[in-house]
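Structure file target07.tsv; described as TSV, C-alpha atoms.
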chain	number	residue	atom	x	y	z
A	104	MET	CA	123.98	136.72	96.82
A	105	ARG	CA	121.12	134.64	98.21
A	106	ALA	CA	119.87	135.34	101.73
A	107	LEU	CA	116.88	134.71	103.98
A	108	THR	CA	114.90	137.92	104.49
A	109	TRP	CA	112.08	138.89	106.85
A	110	HIS	CA	108.83	140.36	105.53
A	111	GLY	CA	106.43	140.05	108.43
A	112	LYS	CA	104.90	137.52	110.79
A	113	HIS	CA	105.60	133.99	109.49
A	114	ASP	CA	106.81	135.46	106.20
A	115	VAL	CA	110.48	134.80	105.47
A	116	ARG	CA	111.89	134.41	101.96
A	117	VAL	CA	115.16	133.44	100.31
A	118	GLU	CA	115.89	136.26	97.89
A	119	THR	CA	118.72	137.70	95.82
A	120	VAL	CA	120.19	140.74	97.60
A	121	ASP	CA	123.29	142.90	97.27
A	122	ASP	CA	126.59	141.39	98.38
A	123	PRO	CA	127.99	142.93	101.58
A	124	LYS	CA	130.95	145.29	101.38
A	125	ILE	CA	133.73	146.28	103.76
A	126	VAL	CA	132.56	149.38	105.68
A	127	ASN	CA	135.12	149.79	108.45
A	128	PRO	CA	138.82	148.87	108.66
A	129	ARG	CA	138.23	146.06	111.18
A	130	ASP	CA	135.58	144.35	109.01
A	131	VAL	CA	135.90	141.05	107.20
A	132	ILE	CA	133.60	139.35	104.73
A	133	ILE	CA	132.76	135.73	105.44
A	134	LYS	CA	131.61	133.23	102.83
A	135	VAL	CA	129.12	131.24	104.88
A	136	SER	CA	129.42	127.46	104.79
A	137	ALA	CA	126.93	126.56	107.52
A	138	THR	CA	124.31	128.46	109.49
A	139	ALA	CA	121.50	127.42	111.81
A	140	ILE	CA	118.01	128.43	112.87
A	141	CYS	CA	117.96	129.40	116.55
A	142	GLY	CA	115.00	129.16	118.89
A	143	SER	CA	115.25	132.91	119.40
A	144	ASP	CA	114.85	133.34	115.63
A	145	LEU	CA	111.32	132.06	116.15
A	146	HIS	CA	110.58	135.14	118.28
A	147	ILE	CA	111.27	137.20	115.16
A	148	TYR	CA	109.29	134.74	113.04
A	149	ASP	CA	106.36	135.17	115.43
A	150	SER	CA	106.80	138.96	115.28
A	151	PHE	CA	107.53	139.38	118.99
A	152	ILE	CA	110.75	141.33	118.41
A	153	PRO	CA	110.19	145.01	117.52
A	154	SER	CA	112.11	147.17	115.02
A	155	MET	CA	112.29	144.62	112.20
A	156	LEU	CA	112.00	145.98	108.67
A	157	PRO	CA	110.98	144.15	105.49
A	158	GLY	CA	114.06	142.80	103.74
A	159	ASP	CA	116.18	142.43	106.89
A	160	ILE	CA	118.53	139.44	106.61
A	161	LEU	CA	118.11	136.94	109.44
A	162	GLY	CA	120.45	134.59	111.27
A	163	HIS	CA	123.05	134.84	114.03
A	164	GLU	CA	124.55	131.33	114.17
A	165	PHE	CA	127.01	130.91	111.32
A	166	MET	CA	130.53	130.07	110.22
A	167	GLY	CA	132.53	130.04	107.03
A	168	GLU	CA	135.65	131.21	105.20
A	169	VAL	CA	137.26	134.64	105.31
A	170	VAL	CA	137.20	136.03	101.75
A	171	GLU	CA	138.00	139.72	102.29
A	172	ILE	CA	139.71	141.75	105.03
A	173	GLY	CA	139.46	145.47	105.80
A	174	LYS	CA	142.52	147.71	105.47
A	175	GLY	CA	142.86	148.05	109.23
A	176	GLY	CA	143.62	144.38	109.58
A	177	SER	CA	141.70	141.86	111.66
A	178	GLY	CA	144.15	140.43	114.13
A	179	ASP	CA	145.62	137.16	112.93
A	180	LEU	CA	142.86	136.43	110.42
A	181	ARG	CA	143.86	135.82	106.84
A	182	VAL	CA	141.91	135.26	103.63
A	183	GLY	CA	141.11	131.57	103.45
A	184	ASP	CA	140.84	131.05	107.22
A	185	ARG	CA	137.89	128.94	108.36
A	186	VAL	CA	136.15	130.61	111.29
A	187	VAL	CA	133.11	130.38	113.54
A	188	VAL	CA	131.53	133.73	114.44
A	189	PRO	CA	129.92	134.66	117.79
A	190	PHE	CA	126.33	135.86	117.49
A	191	ASN	CA	126.95	139.09	119.39
A	192	ILE	CA	129.25	141.83	118.15
A	193	ALA	CA	131.86	143.31	120.49
A	194	CYS	CA	134.53	145.99	120.05
A	195	GLY	CA	137.00	144.54	122.56
A	196	ASN	CA	137.97	147.99	123.91
A	197	CYS	CA	135.11	149.28	126.08
A	198	ARG	CA	134.80	148.54	129.79
A	199	PRO	CA	132.29	145.69	129.40
A	200	CYS	CA	134.47	143.99	126.79
A	201	LYS	CA	137.63	144.40	128.86
A	202	THR	CA	135.90	142.74	131.82
A	203	GLY	CA	134.66	139.80	129.74
A	204	GLN	CA	131.08	141.08	129.43
A	205	PHE	CA	131.12	141.08	125.65
A	206	ALA	CA	127.32	141.00	125.37
A	207	GLY	CA	127.28	144.42	127.05
A	208	CYS	CA	129.59	146.09	124.52
A	209	ASP	CA	129.09	149.86	124.49
A	210	ASN	CA	130.26	150.42	120.92
A	211	SER	CA	128.88	147.72	118.63
A	212	ASN	CA	125.36	149.13	118.39
A	213	PRO	CA	125.44	152.36	116.31
A	214	ALA	CA	124.16	155.43	118.18
A	215	ASP	CA	121.16	155.90	115.90
A	216	LYS	CA	120.09	152.32	116.58
A	217	ALA	CA	121.05	152.14	120.26
A	218	ASP	CA	118.47	154.82	121.08
A	219	LEU	CA	115.73	152.28	120.37
A	220	SER	CA	116.92	149.87	123.04
A	221	GLU	CA	117.78	152.65	125.49
A	222	VAL	CA	114.11	153.64	125.53
A	223	ALA	CA	113.05	150.04	126.12
A	224	TYR	CA	115.76	148.89	128.51
A	225	GLY	CA	117.39	151.96	130.03
A	226	HIS	CA	120.68	151.44	128.19
A	227	GLY	CA	121.61	150.68	124.61
A	228	VAL	CA	122.22	146.97	124.04
A	229	SER	CA	125.13	145.53	122.08
A	230	GLY	CA	124.99	144.58	118.43
A	231	ILE	CA	123.69	141.18	117.31
A	232	PHE	CA	123.69	139.72	113.82
A	233	GLY	CA	120.30	139.49	112.14
A	234	TYR	CA	118.23	140.42	115.17
A	235	SER	CA	116.36	143.69	114.55
A	236	HIS	CA	117.41	147.32	114.34
A	237	MET	CA	117.23	147.55	118.12
A	238	THR	CA	120.42	145.49	118.20
A	239	GLY	CA	122.16	147.42	115.43
A	240	GLY	CA	120.34	146.41	112.27
A	241	TYR	CA	123.21	144.15	111.19
A	242	ALA	CA	122.59	141.77	108.31
A	243	GLY	CA	122.54	138.19	109.55
A	244	GLY	CA	124.31	135.01	108.59
A	245	GLN	CA	121.52	133.00	106.95
A	246	ALA	CA	123.07	134.09	103.69
A	247	GLU	CA	125.89	133.25	101.32
A	248	LEU	CA	128.03	136.18	102.53
A	249	VAL	CA	128.07	138.34	105.64
A	250	ARG	CA	130.02	141.36	106.84
A	251	VAL	CA	131.56	140.82	110.28
A	252	PRO	CA	132.56	143.98	112.19
A	253	TYR	CA	135.32	144.01	114.85
A	254	ALA	CA	136.62	140.82	113.30
A	255	ASP	CA	139.79	140.93	115.40
A	256	VAL	CA	137.58	140.30	118.45
A	257	GLY	CA	134.88	137.91	117.27
A	258	PRO	CA	135.65	135.15	114.75
A	259	MET	CA	137.63	132.16	116.01
A	260	LYS	CA	139.76	130.00	113.74
A	261	VAL	CA	138.66	126.38	113.42
A	262	PRO	CA	141.36	123.70	113.74
A	263	GLU	CA	141.84	121.24	110.91
A	264	GLY	CA	140.06	117.96	111.33
A	265	LEU	CA	136.80	119.35	112.76
A	266	THR	CA	133.63	119.46	110.70
A	267	ASP	CA	131.39	122.51	110.43
A	268	GLU	CA	128.75	120.79	112.52
A	269	GLN	CA	131.16	120.07	115.36
A	270	VAL	CA	131.95	123.78	115.82
A	271	LEU	CA	128.94	125.68	114.43
A	272	PHE	CA	127.16	125.86	117.78
A	273	LEU	CA	130.10	127.64	119.41
A	274	SER	CA	128.48	130.67	117.76
A	275	ASP	CA	125.63	130.70	120.29
A	276	ILE	CA	123.77	127.78	121.82
A	277	PHE	CA	126.70	125.88	123.36
A	278	PRO	CA	128.15	128.97	125.10
A	279	THR	CA	124.60	130.01	126.04
A	280	GLY	CA	123.90	126.68	127.70
A	281	TRP	CA	127.31	126.76	129.38
A	282	MET	CA	126.82	130.28	130.77
A	283	ALA	CA	123.33	129.32	131.94
A	284	ALA	CA	124.85	126.52	134.01
A	285	GLU	CA	127.76	128.69	135.16
A	286	ASN	CA	125.28	131.29	136.45
A	287	CYS	CA	123.91	128.58	138.75
A	288	MET	CA	127.22	128.50	140.65
A	289	ILE	CA	126.94	124.72	140.84
A	290	GLU	CA	128.49	122.94	143.82
A	291	PRO	CA	129.11	119.20	144.27
A	292	GLY	CA	125.87	117.41	145.06
A	293	ASP	CA	123.61	120.09	143.56
A	294	THR	CA	120.36	119.43	141.78
A	295	VAL	CA	119.65	121.64	138.77
A	296	ALA	CA	116.21	121.86	137.12
A	297	VAL	CA	116.01	122.98	133.51
A	298	TRP	CA	112.76	124.22	131.98
A	299	GLY	CA	112.72	123.81	128.20
A	300	CYS	CA	114.48	121.01	126.31
A	301	GLY	CA	115.11	122.90	123.10
A	302	PRO	CA	118.68	123.39	121.87
A	303	VAL	CA	119.77	125.78	124.64
A	304	GLY	CA	118.13	123.64	127.30
A	305	GLN	CA	119.91	120.55	125.97
A	306	PHE	CA	123.28	122.26	126.18
A	307	ALA	CA	122.43	123.63	129.63
A	308	ILE	CA	121.68	120.08	130.81
A	309	ARG	CA	125.00	118.75	129.54
A	310	SER	CA	126.87	121.81	130.80
A	311	ALA	CA	125.40	121.39	134.28
A	312	PHE	CA	126.72	117.83	134.44
A	313	LEU	CA	130.12	118.94	133.12
A	314	GLN	CA	130.23	121.60	135.83
A	315	GLY	CA	129.57	119.09	138.61
A	316	ALA	CA	125.82	118.79	139.14
A	317	GLU	CA	124.81	115.52	140.77
A	318	LYS	CA	121.28	115.54	139.37
A	319	VAL	CA	119.63	117.41	136.52
A	320	ILE	CA	115.87	117.44	136.06
A	321	ALA	CA	114.53	118.37	132.61
A	322	ILE	CA	111.02	119.76	132.15
A	323	ASP	CA	109.16	119.91	128.83
A	324	HIS	CA	106.20	118.25	127.11
A	325	HIS	CA	107.73	117.08	123.83
A	326	PRO	CA	108.56	113.35	124.15
A	327	ASN	CA	111.51	113.37	121.74
A	328	ARG	CA	113.11	116.36	123.43
A	329	LEU	CA	112.64	114.74	126.83
A	330	ALA	CA	114.22	111.56	125.46
A	331	LEU	CA	117.21	113.57	124.24
A	332	ALA	CA	117.56	115.05	127.74
A	333	ALA	CA	117.36	111.58	129.27
A	334	GLN	CA	120.17	110.42	126.98
A	335	ALA	CA	122.38	112.99	128.72
A	336	GLY	CA	121.50	111.52	132.11
A	337	ALA	CA	118.72	113.90	133.13
A	338	GLU	CA	115.61	112.83	134.99
A	339	VAL	CA	112.60	114.11	133.04
A	340	LEU	CA	109.20	115.60	133.81
A	341	ASN	CA	106.41	116.05	131.29
A	342	TYR	CA	104.44	119.05	132.54
A	343	HIS	CA	101.29	117.65	130.95
A	344	ASP	CA	101.49	114.68	133.30
A	345	VAL	CA	102.53	116.24	136.61
A	346	LYS	CA	102.28	119.38	138.69
A	347	VAL	CA	105.81	120.58	138.23
A	348	ARG	CA	106.48	122.26	141.57
A	349	GLU	CA	105.02	119.36	143.54
A	350	ALA	CA	107.02	116.85	141.51
A	351	LEU	CA	110.24	118.79	142.05
A	352	MET	CA	109.66	118.99	145.78
A	353	GLU	CA	109.19	115.23	145.91
A	354	MET	CA	112.34	114.61	143.83
A	355	THR	CA	114.46	116.85	146.08
A	356	GLY	CA	113.34	115.69	149.51
A	357	GLY	CA	111.07	118.69	150.01
A	358	ARG	CA	113.78	121.32	149.47
A	359	GLY	CA	113.37	122.26	145.84
A	360	PRO	CA	116.17	122.36	143.25
A	361	ASP	CA	119.37	124.16	144.23
A	362	SER	CA	119.27	126.00	140.89
A	363	CYS	CA	116.63	126.50	138.24
A	364	ILE	CA	117.22	127.40	134.59
A	365	ASP	CA	114.57	129.06	132.42
A	366	ALA	CA	115.55	128.03	128.89
A	367	VAL	CA	112.09	128.86	127.53
A	368	GLY	CA	111.80	132.63	127.55
A	369	MET	CA	109.02	134.85	126.35
A	370	GLU	CA	106.78	132.30	124.63
A	371	SER	CA	105.81	129.87	127.40
A	372	HIS	CA	103.35	127.18	126.35
A	373	GLY	CA	100.53	125.47	128.21
A	374	PHE	CA	97.14	126.27	129.66
A	375	ALA	CA	98.02	127.36	133.19
A	376	PRO	CA	95.72	130.26	134.14
A	377	ASP	CA	98.52	132.82	134.23
A	378	ASN	CA	99.77	131.73	130.81
A	379	VAL	CA	96.29	132.00	129.28
A	380	ILE	CA	96.02	135.54	130.65
A	381	ASP	CA	99.48	136.41	129.34
A	382	ALA	CA	98.58	135.12	125.88
A	383	ALA	CA	95.36	137.14	125.82
A	384	LYS	CA	97.15	140.32	126.90
A	385	ALA	CA	99.95	139.78	124.38
A	386	ALA	CA	97.39	139.29	121.61
A	387	VAL	CA	96.08	142.82	122.17
A	388	ARG	CA	99.54	144.30	122.90
A	389	LEU	CA	98.87	144.90	126.61
A	390	ALA	CA	101.94	142.77	127.31
A	391	THR	CA	104.73	141.31	125.22
A	392	ASP	CA	106.07	138.28	127.10
A	393	ARG	CA	104.41	135.12	128.39
A	394	THR	CA	106.37	134.52	131.58
A	395	HIS	CA	104.71	131.45	133.09
A	396	VAL	CA	107.99	129.51	133.23
A	397	LEU	CA	109.87	132.31	134.98
A	398	ARG	CA	107.16	132.48	137.64
A	399	GLU	CA	107.24	128.71	138.08
A	400	VAL	CA	111.05	128.72	138.33
A	401	ILE	CA	110.98	131.27	141.13
A	402	MET	CA	108.30	129.40	143.04
A	403	ALA	CA	110.10	126.05	142.69
A	404	CYS	CA	113.68	127.04	143.52
A	405	ARG	CA	114.88	126.27	147.04
A	406	LYS	CA	115.47	129.02	149.55
A	407	GLY	CA	118.80	130.70	148.88
A	408	GLY	CA	118.99	129.08	145.45
A	409	HIS	CA	120.02	130.37	142.06
A	410	VAL	CA	117.80	131.25	139.12
A	411	SER	CA	119.44	131.42	135.69
A	412	VAL	CA	117.60	132.80	132.66
A	413	PRO	CA	119.14	132.16	129.23
A	414	GLY	CA	115.65	132.23	127.67
A	415	VAL	CA	115.04	135.43	125.70
A	416	TYR	CA	112.69	138.07	127.07
A	417	GLY	CA	112.05	141.21	125.10
A	418	GLY	CA	109.51	143.47	126.74
A	419	ILE	CA	107.10	143.67	129.64
A	420	SER	CA	104.96	141.37	131.72
A	421	ASP	CA	103.19	141.33	135.06
A	422	LYS	CA	102.29	138.96	137.89
A	423	PHE	CA	106.00	138.64	138.71
A	424	PRO	CA	106.32	136.84	142.10
A	425	VAL	CA	108.62	139.45	143.59
A	426	GLY	CA	107.57	138.46	147.11
A	427	ALA	CA	108.74	134.87	146.66
A	428	PHE	CA	111.92	136.10	144.99
A	429	MET	CA	112.76	138.36	147.94
A	430	GLU	CA	111.55	136.21	150.83
A	431	LYS	CA	113.42	133.14	149.62
A	432	GLY	CA	116.64	135.11	149.10
A	433	LEU	CA	117.10	133.95	145.52
A	434	THR	CA	119.90	135.06	143.23
A	435	LEU	CA	118.94	135.72	139.60
A	436	LYS	CA	121.44	135.97	136.75
A	437	THR	CA	120.54	136.45	133.14
A	438	GLY	CA	121.61	138.27	130.00
A	439	GLN	CA	122.79	137.68	126.48
A	440	THR	CA	125.76	135.32	126.37
A	441	HIS	CA	129.34	136.59	126.54
A	442	THR	CA	130.13	134.25	123.68
A	443	GLN	CA	133.68	135.41	123.04
A	444	LYS	CA	134.56	134.59	126.66
A	445	TYR	CA	133.70	130.91	126.29
A	446	MET	CA	134.45	129.91	122.70
A	447	ALA	CA	138.07	128.78	123.09
A	448	LYS	CA	137.38	126.80	126.27
A	449	LEU	CA	134.40	125.01	124.75
A	450	LEU	CA	136.31	124.33	121.52
A	451	ASP	CA	138.91	122.52	123.63
A	452	MET	CA	136.13	120.37	125.10
A	453	VAL	CA	135.00	119.44	121.60
A	454	VAL	CA	138.54	118.59	120.53
A	455	GLU	CA	139.06	116.51	123.69
A	456	GLY	CA	135.84	114.58	123.06
A	457	LYS	CA	134.11	115.71	126.24
A	458	ILE	CA	131.04	116.69	124.23
A	459	ASP	CA	129.86	116.24	120.65
A	460	PRO	CA	127.61	119.20	119.82
A	461	THR	CA	126.16	117.46	116.76
A	462	PHE	CA	123.80	115.48	119.03
A	463	VAL	CA	121.27	118.31	118.80
A	464	ILE	CA	120.93	118.35	114.99
A	465	SER	CA	117.71	116.85	113.69
A	466	HIS	CA	117.47	118.34	110.19
A	467	ARG	CA	119.81	119.56	107.47
A	468	LEU	CA	118.55	121.69	104.59
A	469	PRO	CA	119.99	123.85	101.80
A	470	LEU	CA	119.80	127.59	102.39
A	471	GLU	CA	117.21	127.78	99.59
A	472	GLN	CA	114.81	125.85	101.86
A	473	ALA	CA	115.34	128.07	104.89
A	474	ALA	CA	111.72	129.28	104.93
A	475	GLU	CA	110.58	125.66	105.09
A	476	GLY	CA	113.04	125.11	107.93
A	477	TYR	CA	111.50	127.96	109.94
A	478	LYS	CA	108.00	126.57	109.44
A	479	MET	CA	109.15	123.09	110.51
A	480	PHE	CA	110.89	124.43	113.60
A	481	LYS	CA	107.77	126.38	114.57
A	482	THR	CA	105.14	123.71	113.93
A	483	GLN	CA	106.98	120.44	114.61
A	484	GLN	CA	108.91	121.15	117.79
A	485	ASP	CA	108.85	117.55	118.97
A	486	GLU	CA	110.51	116.28	115.80
A	487	VAL	CA	112.71	119.31	115.09
A	488	THR	CA	115.43	120.17	117.61
A	489	LYS	CA	117.92	121.97	115.36
A	490	VAL	CA	117.98	122.86	111.68
A	491	VAL	CA	121.35	123.39	110.00
A	492	LEU	CA	121.37	125.23	106.68
A	493	LYS	CA	124.15	124.69	104.13
A	494	THR	CA	124.99	127.21	101.46
A	495	ASP	CA	126.64	124.55	99.30
A	496	TRP	CA	124.26	121.62	99.51
A	497	LYS	CA	126.81	119.24	97.94
A	498	ASP	CA	128.73	119.50	101.22
A	499	ALA	CA	125.76	118.57	103.38
A	500	ALA	CA	125.98	114.82	103.01
Represent the structure from my file as structure tokens, please.
Amino acid sequence: MRALTWHGKHDVRVETVDDPKIVNPRDVIIKVSATAICGSDLHIYDSFIPSMLPGDILGHEFMGEVVEIGKGGSGDLRVGDRVVVPFNIACGNCRPCKTGQFAGCDNSNPADKADLSEVAYGHGVSGIFGYSHMTGGYAGGQAELVRVPYADVGPMKVPEGLTDEQVLFLSDIFPTGWMAAENCMIEPGDTVAVWGCGPVGQFAIRSAFLQGAEKVIAIDHHPNRLALAAQAGAEVLNYHDVKVREALMEMTGGRGPDSCIDAVGMESHGFAPDNVIDAAKAAVRLATDRTHVLREVIMACRKGGHVSVPGVYGGISDKFPVGAFMEKGLTLKTGQTHTQKYMAKLLDMVVEGKIDPTFVISHRLPLEQAAEGYKMFKTQQDEVTKVVLKTDWKDAA
């Protein structure tokens, strides 16, 4: 089969690799019809995520057709079913899974791989498709075929009448934006500020409104992304033009936003002094994450407010404003998304017409041009909001 493989910093290639095979009874094989490049894939592209090996297959946002089922059965899935697959892998039986915390699954990351994340994070993390050996070393979905473990827990059937593009983002960014807003515990009349108007930020903006926010303020510096946020009803701030904290205080009557969402993560941009220092330290491996946005979020949020962090962080940083966090009595919630918990509910919203997830797509490419798609997403972030890759380009029109 053809698949996108990683070979080092800014070096990804579409190559011919072995087809996946059923390994465990609860596995299925999916013939991928559509997949997407996620903002967090750029962290791998930029070589910020450790434990990648040359030849690893990338991609964690994908959907397609079931073409083979393990002998143990996979719930109600049948060969020929069209499904969308959550990016994280969950067994459905451990305590985290049974309490709806699927992203904390204890069993989906093999023991020999989980040791890597236990050293870094104190506990082994759950499995994720195409996202390093620290998260299980699973082959990703930017490929023609993919093995899906625990398929009786993950893949969700797609109703007839919906296109791939209408449901593809149920695999990650729509649930991630929804959970980011949910972690804000929004109440009527609340103001929510969202840093980062990439795909997750865009879904967080729309999710905040759907969950009852009165005002959403979007912060970025890319004009097209800010315009897309404004189309959803957000008020926008270009951080090149204003001092963000001061502007937020003015827009909220001196209180600060009730909730703040960091949808940027470990690669903050800009020339604020702390960010320049972070970049210099990361360049010589004295730190891994550039956390300017997280610091700004904590300083801007009102007293007693909520901080939600869907943006990916992977390692260590410093200059964390722990004093402000404590003295203001903030609540912080973060974590990988419990995708399986939200997929059915959000699918209903799509069916009911409450949201059309295709708004975020800017580019469509064949899988064979995936490397070009990564480069575009990295270097043209104002023009490129979301790249969808099709394995059968004839279907892309």
If we draw a sphere of 12 Å around (127.4, 111.6, 142.4), which residues have at least one atom in it when counting only C-alpha atoms? Please report them as a short mmCIF file (atom, residue, chain, number, x, y, z; two decimals) with C-alpha atoms, keeping the file's coordinate frame.
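The result, written out as selection_22.cif:
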data_model
loop_
_atom_site.label_atom_id
_atom_site.label_comp_id
_atom_site.auth_asym_id
_atom_site.auth_seq_id
_atom_site.Cartn_x
_atom_site.Cartn_y
_atom_site.Cartn_z
CA GLU A 290 128.49 122.94 143.82
CA PRO A 291 129.11 119.20 144.27
CA GLY A 292 125.87 117.41 145.06
CA ASP A 293 123.61 120.09 143.56
CA THR A 294 120.36 119.43 141.78
CA PHE A 312 126.72 117.83 134.44
CA GLY A 315 129.57 119.09 138.61
CA ALA A 316 125.82 118.79 139.14
CA GLU A 317 124.81 115.52 140.77
CA LYS A 318 121.28 115.54 139.37
CA VAL A 319 119.63 117.41 136.52
CA GLY A 336 121.50 111.52 132.11
#
Residue neighbourhood A:Tyr253, 9 Å, only C-alpha atoms, exclusion window fewer than 4 positions, as a PyMOL selection string: chain A and resi 127-131+177+192-195+211+257-258
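Restricting the calculation to only C-alpha atoms, the smallest distance between A:Gln204 and any of A:Lys457, A:Lys431, A:Lys444, A:Lys493 is found for A:Lys444.
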How many Å lie between atom CA of A:Asp459 and atom CA of A:Leu340, rounded to one decimal? 24.5 Å
So, counting all atoms listed in the file, which residue among A:His146, A:Lys112, A:Lys216, A:His324 is closest to A:Gly414? A:His146
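The gap separating atom CA of A:Val187 from atom CA of A:Gln334 is 27.3 Å, in Å to one decimal.
Proximity to A:Cys208 was assessed for A:Val256, A:Val410, A:Ala242, A:Leu397 counting only C-alpha atoms; the smallest distance is recorded for A:Val256.
In this comparison, which uses only C-alpha atoms, the residue of A:Ala217, A:Val412, A:Cys287, A:Ala474 approaching A:Val115 most closely is A:Ala474.
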Give me the residues near A:Ile322 as a PyMOL selection string, where near means some atom within 12 Å (using only C-alpha atoms) and where sequence neighbours in that chain fewer than 5 positions away do not count. chain A and resi 295-301+304-305+308+328-333+337-348+350-351+363-367+396+399-400
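Across the structure, atom CA of A:Asp184 and atom CA of A:Glu168 are spaced 5.6 Å apart.
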Using the file's own x, y and z axes, what box holds all listed atoms of stretch 162-169 of chain A with 8 Å on each side, keeping edges along x, y and z, and what are its centre and edge lengths in Å to one decimal, as lines of an AutoDock Vina configuration file?
center_x = 128.9
center_y = 132.4
center_z = 109.7
size_x = 32.8
size_y = 20.8
size_z = 25.0
Would you kindly return, as a ChimeraX atom specification, each protein, DNA or RNA residue with an atom no farther than 10 Å from any atom of A:Gly426, considering only C-alpha atoms and excluding same-chain residues fewer than 5 positions away? /A:401-402,431-432
Give me the residues near A:Pro189 as a PyMOL selection string, where near means some atom within 9 Å (using only C-alpha atoms) and where sequence neighbours in that chain fewer than 5 positions away do not count. chain A and resi 163-166+232+257-259+273-275+441-443+446
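Minimum atom-to-atom distance to A:Leu265, evaluated using all atoms listed in the file, belongs to A:Val186 out of A:Val169, A:Val415, A:Val186, A:Val117.
Checking A:Ile231, A:Ala137, A:Ala335, A:Ala311 one by one against A:Val251, counting all atoms listed in the file, you find the shortest gap at A:Ile231.
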Who sits within 10 Å of A:Glu263, all atoms listed in the file, same chain under 3 positions skipped, as a VMD selection string: chain A and resid 185 260 266
